[in-house]
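Presented below is the structure to which this report refers.
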Amino acid sequence: MTASQPMTGKVCLVTGATSGLGQATAHALARLDATVAIVGRNLEKSAATVAQIKKLSGNPNVDFLLADLSSQAAIHQMAQQFKERYRRLDILINNAGAVFMQRRESVDGIEMTFALNHLGYFLLTNLLLDVLKASAPTRIVNTSSELHRKAHLDFGDLQNARRYRGMNAYHQSKLANVLFTYELARRLGGTGVTTNVLSPGLVATNLGMNNRGLSPLMKRLVDRMMGISPEEGARTGVYLASSPTVEGVTGKYFVKQEAIPSSPETYDEAIAARLWKVSAELSEL
């Protein structure tokens, strides 16, 4: 693996960056001298995260944008604000996500896991494609999980309305992340915009702590026994964002900075095209 190189002059947008994996990724990019914009839902938490990253990295070029990425109106508004504030976008890192053990719907009436973990990636990326293309060569990095291998897309019940199981919905959203990445790579051929997807591994973060009944102590014990640190989990994303080794590489699935095969279903172009069509309809693109 070739080490990451300085990113002076590069503009990076990182979603889900007020804690855990996203925060570690944003901090690492700031340390490489990139201009970093993070996306968070909470004003105070976003401001505190930016202040911390500035202090620890010594990089003053860190800012935040506010958006609930399960809301399509909020995504539209945030994308417009980004374009008004920045003249270019070199790296888009889609990282925001959550697990919902009880079925919930977004403000748009879409099952929350699918709305946030997949449609959030899909809509934001499409809204920023014009600036990504204008700034090329540029990169899109999507965060998935090895748990995508446990999933199968049921187009008759994509939103898990018949029988909801929280982890099953999460697995499906991570499969959708990989399918979306591969289809996007096909559509972006020749534009100078590359897109890859990664699994960070089992990272000790706050993922899942939004659910009632999950003991913080129990989660900490599990993370301590099995989870890697957010900083270690962020390495592959930072590598894909910054390393010259992957310049021009697109449509690949990475684990521990290495491209490996994803699940067989992810290579079915008919499934990927159908998911794209459904996603475009649900997000009214």
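Every chain in the structure tokens takes a letter, A first, then B, and so on in the order presented; its residues are numbered from 1, and the ligands are numbered from 1 following the presented order.
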
With 12 Å as the cut-off and only C-alpha atoms counted, what is the closest atom pair between each nearby residue of region 43-153 of chain A and region 18-37 of chain A? Distances in Å to one decimal, ordered by chain and number, as CSV.
```
residue,atom,partner,partner_atom,distance
A:Leu43,CA,A:Thr18,CA,10.2
A:Glu44,CA,A:Thr18,CA,10.1
A:Lys45,CA,A:Thr18,CA,6.6
A:Ser46,CA,A:Thr18,CA,5.8
A:Ala47,CA,A:Thr18,CA,9.0
A:Ala48,CA,A:Thr18,CA,8.5
A:Thr49,CA,A:Thr18,CA,5.7
A:Val50,CA,A:Thr18,CA,8.3
A:Ala51,CA,A:His27,CA,10.9
A:Gln52,CA,A:His27,CA,8.9
A:Ile53,CA,A:His27,CA,5.5
A:Lys54,CA,A:Ala30,CA,7.8
A:Lys55,CA,A:His27,CA,10.1
A:Leu56,CA,A:His27,CA,8.0
A:Ser57,CA,A:Arg31,CA,4.9
A:Gly58,CA,A:Arg31,CA,7.4
A:Asn59,CA,A:Ala30,CA,6.0
A:Pro60,CA,A:Thr35,CA,8.4
A:Asn61,CA,A:Thr35,CA,5.0
A:Val62,CA,A:Val36,CA,4.8
A:Asp63,CA,A:Ala37,CA,4.8
A:Phe64,CA,A:Ala37,CA,5.1
A:Leu65,CA,A:Ala37,CA,6.9
A:Leu66,CA,A:Ala37,CA,10.3
A:Ala67,CA,A:Thr18,CA,11.9
A:Met78,CA,A:Ala37,CA,11.4
A:Ala79,CA,A:Ala37,CA,11.7
A:Gln81,CA,A:Ala37,CA,11.4
A:Phe82,CA,A:Ala37,CA,8.7
A:Lys83,CA,A:Ala37,CA,11.7
A:Arg85,CA,A:Ala37,CA,10.1
A:Tyr86,CA,A:Ala37,CA,9.6
A:Arg87,CA,A:Thr35,CA,11.8
A:Arg88,CA,A:Thr35,CA,10.7
A:Leu89,CA,A:Thr35,CA,9.8
A:Asp90,CA,A:Ala34,CA,9.8
A:Ile91,CA,A:Val36,CA,9.4
A:Leu92,CA,A:Ala37,CA,9.8
A:Ile93,CA,A:Gly22,CA,8.7
A:Asn94,CA,A:Gly22,CA,9.0
A:Asn95,CA,A:Gly22,CA,6.3
A:Ala96,CA,A:Gly22,CA,7.5
A:Gly97,CA,A:Gly22,CA,10.1
A:Ala98,CA,A:Gly20,CA,11.9
A:Val141,CA,A:Thr25,CA,11.4
A:Asn142,CA,A:Gly22,CA,11.4
A:Thr143,CA,A:Gly22,CA,9.7
```

Can you list every residue in region 117-223 of chain A that DSSP puts in strand (DSSP E), as an mmCIF file with C-alpha atoms, in the first residue's frame?
```
data_model
loop_
_atom_site.group_PDB
_atom_site.id
_atom_site.type_symbol
_atom_site.label_atom_id
_atom_site.label_comp_id
_atom_site.auth_asym_id
_atom_site.auth_seq_id
_atom_site.Cartn_x
_atom_site.Cartn_y
_atom_site.Cartn_z
ATOM 1 C CA THR A 138 -12.429 13.332 -8.149
ATOM 2 C CA ARG A 139 -13.447 10.450 -5.910
ATOM 3 C CA ILE A 140 -16.580 9.114 -4.221
ATOM 4 C CA VAL A 141 -16.084 6.740 -1.291
ATOM 5 C CA ASN A 142 -19.062 4.817 0.114
ATOM 6 C CA THR A 143 -19.079 3.000 3.454
ATOM 7 C CA VAL A 193 -15.005 10.661 -11.246
ATOM 8 C CA THR A 194 -14.211 7.340 -9.572
ATOM 9 C CA THR A 195 -16.279 5.576 -6.937
ATOM 10 C CA ASN A 196 -15.401 2.737 -4.600
ATOM 11 C CA VAL A 197 -16.998 1.096 -1.585
ATOM 12 C CA LEU A 198 -15.466 -0.274 1.595
ATOM 13 C CA SER A 199 -16.055 -2.242 4.747
#
```

Exercise for the section: Compile the contact shell of Ala280 (chain A) as a ChimeraX atom specification: residues with an atom at most 10 Å away, counting only C-alpha atoms, same-chain residues fewer than 3 positions apart removed. Expected result: /A:119,122-123,126,274-277,283-285

Those residues with N, CA and C atoms, as an mmCIF file, in the first residue's frame please?
```
data_model
loop_
_atom_site.group_PDB
_atom_site.id
_atom_site.type_symbol
_atom_site.label_atom_id
_atom_site.label_comp_id
_atom_site.auth_asym_id
_atom_site.auth_seq_id
_atom_site.Cartn_x
_atom_site.Cartn_y
_atom_site.Cartn_z
ATOM 1 N N LEU A 119 -30.763 5.644 0.513
ATOM 2 C CA LEU A 119 -31.238 6.788 -0.271
ATOM 3 C C LEU A 119 -30.476 8.066 0.065
ATOM 4 N N PHE A 122 -27.553 7.885 -2.157
ATOM 5 C CA PHE A 122 -27.979 7.992 -3.556
ATOM 6 C C PHE A 122 -28.329 9.432 -3.924
ATOM 7 N N LEU A 123 -29.148 10.072 -3.103
ATOM 8 C CA LEU A 123 -29.612 11.414 -3.436
ATOM 9 C C LEU A 123 -28.499 12.449 -3.328
ATOM 10 N N ASN A 126 -26.007 12.127 -6.243
ATOM 11 C CA ASN A 126 -26.549 12.615 -7.508
ATOM 12 C C ASN A 126 -26.659 14.135 -7.537
ATOM 13 N N ARG A 274 -32.129 -2.009 -11.508
ATOM 14 C CA ARG A 274 -33.476 -1.932 -10.943
ATOM 15 C C ARG A 274 -33.462 -1.137 -9.641
ATOM 16 N N LEU A 275 -32.452 -1.362 -8.816
ATOM 17 C CA LEU A 275 -32.334 -0.598 -7.576
ATOM 18 C C LEU A 275 -32.166 0.884 -7.880
ATOM 19 N N TRP A 276 -31.385 1.212 -8.875
ATOM 20 C CA TRP A 276 -31.193 2.614 -9.270
ATOM 21 C C TRP A 276 -32.531 3.229 -9.676
ATOM 22 N N LYS A 277 -33.310 2.521 -10.469
ATOM 23 C CA LYS A 277 -34.597 3.031 -10.935
ATOM 24 C C LYS A 277 -35.546 3.282 -9.764
ATOM 25 N N SER A 283 -36.697 9.026 -4.562
ATOM 26 C CA SER A 283 -36.086 10.316 -4.243
ATOM 27 C C SER A 283 -36.481 11.409 -5.234
ATOM 28 N N GLU A 284 -37.379 11.054 -6.151
ATOM 29 C CA GLU A 284 -37.951 12.011 -7.098
ATOM 30 C C GLU A 284 -36.881 12.738 -7.918
ATOM 31 N N LEU A 285 -35.869 11.986 -8.336
ATOM 32 C CA LEU A 285 -34.839 12.557 -9.219
ATOM 33 C C LEU A 285 -35.326 12.528 -10.662
#
```

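Distances here use only C-alpha atoms; by that measure, the residue among A:Gln257, A:Asn42, A:Ser263, A:Thr250 closest to Ala151 (chain A) is A:Ser263.
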
Problem - Residue contacts of region 161-174 of chain A (12 Å, only C-alpha atoms) excluding same-chain residues fewer than 5 positions away, as number ranges by chain - result: A: 95-105, 109-122, 142-156, 179-181, 197-199, 207-208, 211, 262-263, 265-266, 275

Handout entry: Test item, helix (DSSP H, G or I) assignment across region 61-256 of chain A, answer as a PyMOL selection string
Key = chain A and resi 72-85+112-134+146-150+166-187+216-226+230-233+235-242+244-246

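The coordinates place CA of Leu127 (chain A) at 8.5 Å from CA of Gln80 (chain A).
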